[in-house]
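Trainee: Once you've had a glance at the structure underneath, I'll fire off some questions.
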Amino acid sequence: VVFTEGDPGSSLLLISSGLVAVQVPGAGGSSITVAIRGPGEMLGEMALFARSGRRTATAVARAATRFLELDSASFESLRTARPEIDDLFLRILAERSASLTWRLAESGELDPTVRLARRILDLPTGGEPGAPVPVTVEDLAGLSGISVQLVADRLYDLQQLGWIDVADGVAILDRPALTRAASLP
């Protein structure tokens, strides 16, 4: 666990290597993965903007992960020296909000297999093509908005087709076929 929802947040983290699942509480005490962040992405920034100064989600490393940390004082100095930083963060947060809105809309409209294929294609890689991305079935269920059992069943089906492999995570073996399954151009 990198940090837990409700922890004081006095810095943001830039992922230099590895993979992190961002989770929020679900019904019955379970955790729902709402995002997977990889190299070049940040996490924990919400605490720097929130009035409470607290973490708004739990971050769990899914692989050996290295971070660069920017504490709140350095962040404020950077914002003062470079006002365009605020525009950058506004764009990033707007893109994340739009992504969550589209995923929510998809949950009521699209076939579960299509949603799962899209979330697999969305996973950050950072490794060699075909290298497994170390996510769990639970991560994919949260990202797709479908049950763990249905994700497991669909992953098995996609593996039988030769489109993915599920050893040590999810590896895309046939990107064009998976892209067609996701109904993407």
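Starting from 1 in every chain, residues are counted up; chains themselves are A, B, ... following the order of the structure tokens, and ligands are numbered from 1 as listed.
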Can you tell me which residues surround Val60 in chain A at a distance of at most 9 Å, considering only C-alpha atoms, apart from same-chain residues fewer than 6 positions away, and format the answer as an NGL selection string?
Mentor: :A and (1-4 or 19-23)
Trainee: Counting only C-alpha atoms, figure out which residue out of A:Gly169, A:Gly162, A:Gly18, A:Pro25 gets nearest to Ala64 in chain A.
Mentor: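 Among the listed residues, the smallest separation from Ala64 in chain A belongs to A:Gly18.
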Trainee: Any chance you could tabulate, as a Markdown table, the residues of range 12-86 of chain A at most 7 Å from range 119-137 of chain A with each one's nearest atom pair and distance in Å to one decimal, using only C-alpha atoms, in chain and rising number order?
Mentor:
| residue | atom | partner | partner_atom | distance |
| --- | --- | --- | --- | --- |
| A:Ile36 | CA | A:Leu123 | CA | 6.8 |
| A:Arg37 | CA | A:Pro124 | CA | 6.8 |
| A:Gly38 | CA | A:Pro124 | CA | 5.5 |
| A:Pro39 | CA | A:Gly126 | CA | 6.5 |
| A:Arg62 | CA | A:Pro134 | CA | 5.9 |
| A:Ala63 | CA | A:Pro134 | CA | 6.6 |
Trainee: Pull C-alpha atoms from the residues just selected and write them as an mmCIF file, in the first residue's frame.
Mentor:
data_model
loop_
_atom_site.group_PDB
_atom_site.id
_atom_site.type_symbol
_atom_site.label_atom_id
_atom_site.label_comp_id
_atom_site.auth_asym_id
_atom_site.auth_seq_id
_atom_site.Cartn_x
_atom_site.Cartn_y
_atom_site.Cartn_z
ATOM 1 C CA ILE A 36 -4.426 2.020 -12.986
ATOM 2 C CA ARG A 37 -1.469 4.397 -13.157
ATOM 3 C CA GLY A 38 1.888 3.618 -14.746
ATOM 4 C CA PRO A 39 5.200 5.247 -15.634
ATOM 5 C CA ARG A 62 0.818 -3.943 -8.377
ATOM 6 C CA ALA A 63 4.523 -4.330 -9.191
#
Trainee: Could you pull the residues within 9 Å of Trp163 in chain A, counting only C-alpha atoms, minus those fewer than 2 positions along the same chain, as a PyMOL selection string?
Mentor: chain A and resi 158-161+165+171-178
Trainee: May I ask for the distance between CA of Met42 in chain A and CA of Gly26 in chain A, given in Å to one decimal place?
Mentor: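 If I compute the distance from CA of Met42 in chain A to CA of Gly26 in chain A, I get 23.1 Å.
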Trainee: Identify all residues of range 6-180 of chain A in alpha helix (DSSP H) (DSSP on the backbone) and supply them as a short mmCIF file (atom, residue, chain, number, x, y, z; two decimals) with C-alpha atoms, in the first residue's frame.
Mentor:
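Contents of out.cif, freshly written:
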data_model
loop_
_atom_site.label_atom_id
_atom_site.label_comp_id
_atom_site.auth_asym_id
_atom_site.auth_seq_id
_atom_site.Cartn_x
_atom_site.Cartn_y
_atom_site.Cartn_z
CA MET A 46 -5.86 15.47 -5.14
CA ALA A 47 -4.73 15.87 -1.51
CA LEU A 48 -2.75 18.95 -2.52
CA PHE A 49 -5.92 20.56 -3.91
CA SER A 72 3.48 20.42 -0.99
CA ALA A 73 5.92 23.30 -0.29
CA SER A 74 7.89 22.54 -3.47
CA PHE A 75 4.63 22.15 -5.39
CA GLU A 76 3.41 25.57 -4.21
CA SER A 77 6.78 27.14 -5.12
CA LEU A 78 6.53 25.59 -8.57
CA ARG A 79 2.97 26.88 -9.03
CA THR A 80 4.08 30.39 -8.00
CA ALA A 81 7.09 30.38 -10.31
CA GLU A 84 0.98 27.54 -16.33
CA ILE A 85 1.33 24.51 -14.01
CA ASP A 86 -2.23 25.18 -12.84
CA ASP A 87 -3.45 24.90 -16.45
CA LEU A 88 -1.63 21.59 -16.82
CA PHE A 89 -3.24 20.18 -13.67
CA LEU A 90 -6.63 21.48 -14.73
CA ARG A 91 -6.29 19.65 -18.07
CA ILE A 92 -5.15 16.42 -16.37
CA LEU A 93 -8.00 16.49 -13.87
CA ALA A 94 -10.52 17.34 -16.61
CA GLU A 95 -9.28 14.38 -18.70
CA ARG A 96 -9.58 12.06 -15.72
CA SER A 97 -13.08 13.30 -14.97
CA ALA A 98 -14.12 12.83 -18.61
CA SER A 99 -12.66 9.32 -18.63
CA LEU A 100 -14.63 8.34 -15.52
CA THR A 101 -17.80 9.87 -16.99
CA TRP A 102 -17.40 7.87 -20.24
CA ARG A 103 -16.72 4.67 -18.31
CA LEU A 104 -19.82 5.25 -16.21
CA ALA A 105 -21.90 5.83 -19.34
CA GLU A 106 -20.45 2.68 -20.93
CA SER A 107 -21.47 0.60 -17.91
CA GLY A 108 -25.14 0.97 -18.79
CA GLU A 109 -24.77 0.83 -22.54
CA PRO A 112 -19.49 -6.48 -20.66
CA THR A 113 -17.00 -8.13 -23.05
CA VAL A 114 -16.65 -4.86 -24.98
CA ARG A 115 -16.08 -2.93 -21.72
CA LEU A 116 -13.49 -5.45 -20.54
CA ALA A 117 -11.64 -5.35 -23.88
CA ARG A 118 -11.55 -1.54 -23.69
CA ARG A 119 -10.16 -1.56 -20.16
CA ILE A 120 -7.48 -4.08 -21.12
CA LEU A 121 -6.47 -1.87 -24.04
CA ASP A 122 -6.38 1.15 -21.68
CA VAL A 137 -9.21 -9.86 -11.83
CA GLU A 138 -10.60 -7.56 -9.13
CA ASP A 139 -8.84 -4.56 -10.73
CA LEU A 140 -10.38 -5.36 -14.10
CA ALA A 141 -13.81 -5.88 -12.52
CA GLY A 142 -13.67 -2.43 -10.92
CA LEU A 143 -12.40 -0.77 -14.08
CA SER A 144 -15.03 -2.52 -16.23
CA VAL A 148 -15.28 -10.64 -10.71
CA GLN A 149 -16.78 -13.93 -11.92
CA LEU A 150 -17.83 -12.48 -15.26
CA VAL A 151 -14.36 -10.92 -15.73
CA ALA A 152 -12.75 -14.29 -14.99
CA ASP A 153 -15.06 -16.00 -17.49
CA ARG A 154 -14.43 -13.41 -20.20
CA LEU A 155 -10.65 -13.47 -19.62
CA TYR A 156 -10.76 -17.24 -20.10
CA ASP A 157 -12.74 -16.78 -23.34
CA LEU A 158 -10.28 -14.14 -24.65
CA GLN A 159 -7.35 -16.38 -23.75
CA GLN A 160 -8.91 -19.33 -25.57
CA ARG A 175 -4.09 -6.23 -30.35
CA PRO A 176 -6.04 -5.94 -33.65
CA ALA A 177 -8.48 -8.68 -32.60
CA LEU A 178 -8.91 -7.17 -29.12
CA THR A 179 -9.43 -3.73 -30.69
CA ARG A 180 -12.18 -5.17 -32.90
#
Trainee: Any idea what the distance is between CA of Ser17 in chain A and CA of Gly145 in chain A?
Mentor: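 Separation of CA of Ser17 in chain A and CA of Gly145 in chain A: 26.9 Å.
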Trainee: Can you list, as a list of chain:residue names, every residue of range 50-176 of chain A that DSSP puts in strand (DSSP E)?
Mentor: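 Those in range 50-176 of chain A that DSSP calls strand (DSSP E) are A:Thr58, A:Ala59, A:Val60, A:Ala61, A:Arg66, A:Phe67, A:Leu68, A:Glu69, A:Leu70, A:Asp71, A:Ile164, A:Asp165, A:Ala171, A:Ile172.
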Trainee: Keeping only N, CA, C and O atoms, write those residues as a PDB file, in the first residue's frame.
Mentor:
ATOM      1  N   THR A  58      -7.158   5.033  -2.059  1.00  0.00           N
ATOM      2  CA  THR A  58      -6.045   4.184  -1.629  1.00  0.00           C
ATOM      3  C   THR A  58      -5.250   3.806  -2.873  1.00  0.00           C
ATOM      4  O   THR A  58      -5.835   3.506  -3.914  1.00  0.00           O
ATOM      5  N   ALA A  59      -3.928   3.847  -2.755  1.00  0.00           N
ATOM      6  CA  ALA A  59      -3.052   3.479  -3.874  1.00  0.00           C
ATOM      7  C   ALA A  59      -2.277   2.218  -3.485  1.00  0.00           C
ATOM      8  O   ALA A  59      -1.645   2.177  -2.432  1.00  0.00           O
ATOM      9  N   VAL A  60      -2.354   1.197  -4.352  1.00  0.00           N
ATOM     10  CA  VAL A  60      -1.717  -0.091  -4.088  1.00  0.00           C
ATOM     11  C   VAL A  60      -0.798  -0.443  -5.252  1.00  0.00           C
ATOM     12  O   VAL A  60      -1.255  -0.519  -6.405  1.00  0.00           O
ATOM     13  N   ALA A  61       0.472  -0.634  -4.968  1.00  0.00           N
ATOM     14  CA  ALA A  61       1.430  -1.014  -6.018  1.00  0.00           C
ATOM     15  C   ALA A  61       1.115  -2.427  -6.484  1.00  0.00           C
ATOM     16  O   ALA A  61       0.926  -3.330  -5.673  1.00  0.00           O
ATOM     17  N   ARG A  66       8.714   2.612  -8.449  1.00  0.00           N
ATOM     18  CA  ARG A  66       9.581   3.699  -8.001  1.00  0.00           C
ATOM     19  C   ARG A  66       8.868   5.016  -8.265  1.00  0.00           C
ATOM     20  O   ARG A  66       8.204   5.168  -9.295  1.00  0.00           O
ATOM     21  N   PHE A  67       9.038   5.948  -7.326  1.00  0.00           N
ATOM     22  CA  PHE A  67       8.374   7.242  -7.410  1.00  0.00           C
ATOM     23  C   PHE A  67       9.373   8.372  -7.291  1.00  0.00           C
ATOM     24  O   PHE A  67      10.421   8.235  -6.662  1.00  0.00           O
ATOM     25  N   LEU A  68       8.994   9.498  -7.851  1.00  0.00           N
ATOM     26  CA  LEU A  68       9.613  10.777  -7.551  1.00  0.00           C
ATOM     27  C   LEU A  68       8.557  11.524  -6.749  1.00  0.00           C
ATOM     28  O   LEU A  68       7.385  11.559  -7.138  1.00  0.00           O
ATOM     29  N   GLU A  69       8.952  12.094  -5.622  1.00  0.00           N
ATOM     30  CA  GLU A  69       7.992  12.756  -4.748  1.00  0.00           C
ATOM     31  C   GLU A  69       8.190  14.263  -4.780  1.00  0.00           C
ATOM     32  O   GLU A  69       9.310  14.752  -4.707  1.00  0.00           O
ATOM     33  N   LEU A  70       7.080  14.978  -4.886  1.00  0.00           N
ATOM     34  CA  LEU A  70       7.100  16.436  -4.854  1.00  0.00           C
ATOM     35  C   LEU A  70       6.257  16.863  -3.662  1.00  0.00           C
ATOM     36  O   LEU A  70       5.039  16.683  -3.662  1.00  0.00           O
ATOM     37  N   ASP A  71       6.920  17.405  -2.621  1.00  0.00           N
ATOM     38  CA  ASP A  71       6.187  17.784  -1.416  1.00  0.00           C
ATOM     39  C   ASP A  71       5.364  19.039  -1.667  1.00  0.00           C
ATOM     40  O   ASP A  71       5.558  19.757  -2.647  1.00  0.00           O
ATOM     41  N   ILE A 164      -5.279 -12.782 -25.645  1.00  0.00           N
ATOM     42  CA  ILE A 164      -4.551 -12.360 -24.442  1.00  0.00           C
ATOM     43  C   ILE A 164      -3.943 -13.577 -23.772  1.00  0.00           C
ATOM     44  O   ILE A 164      -4.297 -14.725 -24.091  1.00  0.00           O
ATOM     45  N   ASP A 165      -3.039 -13.317 -22.852  1.00  0.00           N
ATOM     46  CA  ASP A 165      -2.531 -14.352 -21.948  1.00  0.00           C
ATOM     47  C   ASP A 165      -2.718 -13.802 -20.548  1.00  0.00           C
ATOM     48  O   ASP A 165      -2.623 -12.585 -20.339  1.00  0.00           O
ATOM     49  N   ALA A 171      -1.504 -10.026 -20.673  1.00  0.00           N
ATOM     50  CA  ALA A 171      -0.651  -9.682 -21.812  1.00  0.00           C
ATOM     51  C   ALA A 171      -1.512  -9.717 -23.065  1.00  0.00           C
ATOM     52  O   ALA A 171      -2.246 -10.678 -23.301  1.00  0.00           O
ATOM     53  N   ILE A 172      -1.425  -8.661 -23.853  1.00  0.00           N
ATOM     54  CA  ILE A 172      -2.170  -8.607 -25.118  1.00  0.00           C
ATOM     55  C   ILE A 172      -1.339  -9.312 -26.188  1.00  0.00           C
ATOM     56  O   ILE A 172      -0.216  -8.914 -26.467  1.00  0.00           O
TER      57      ILE A 172
END
Trainee: CA of Ala35 in chain A and CA of Pro83 in chain A, how far apart in Å?
Mentor: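 Result for CA of Pro83 in chain A versus CA of Ala35 in chain A: 27.7 Å, one decimal.
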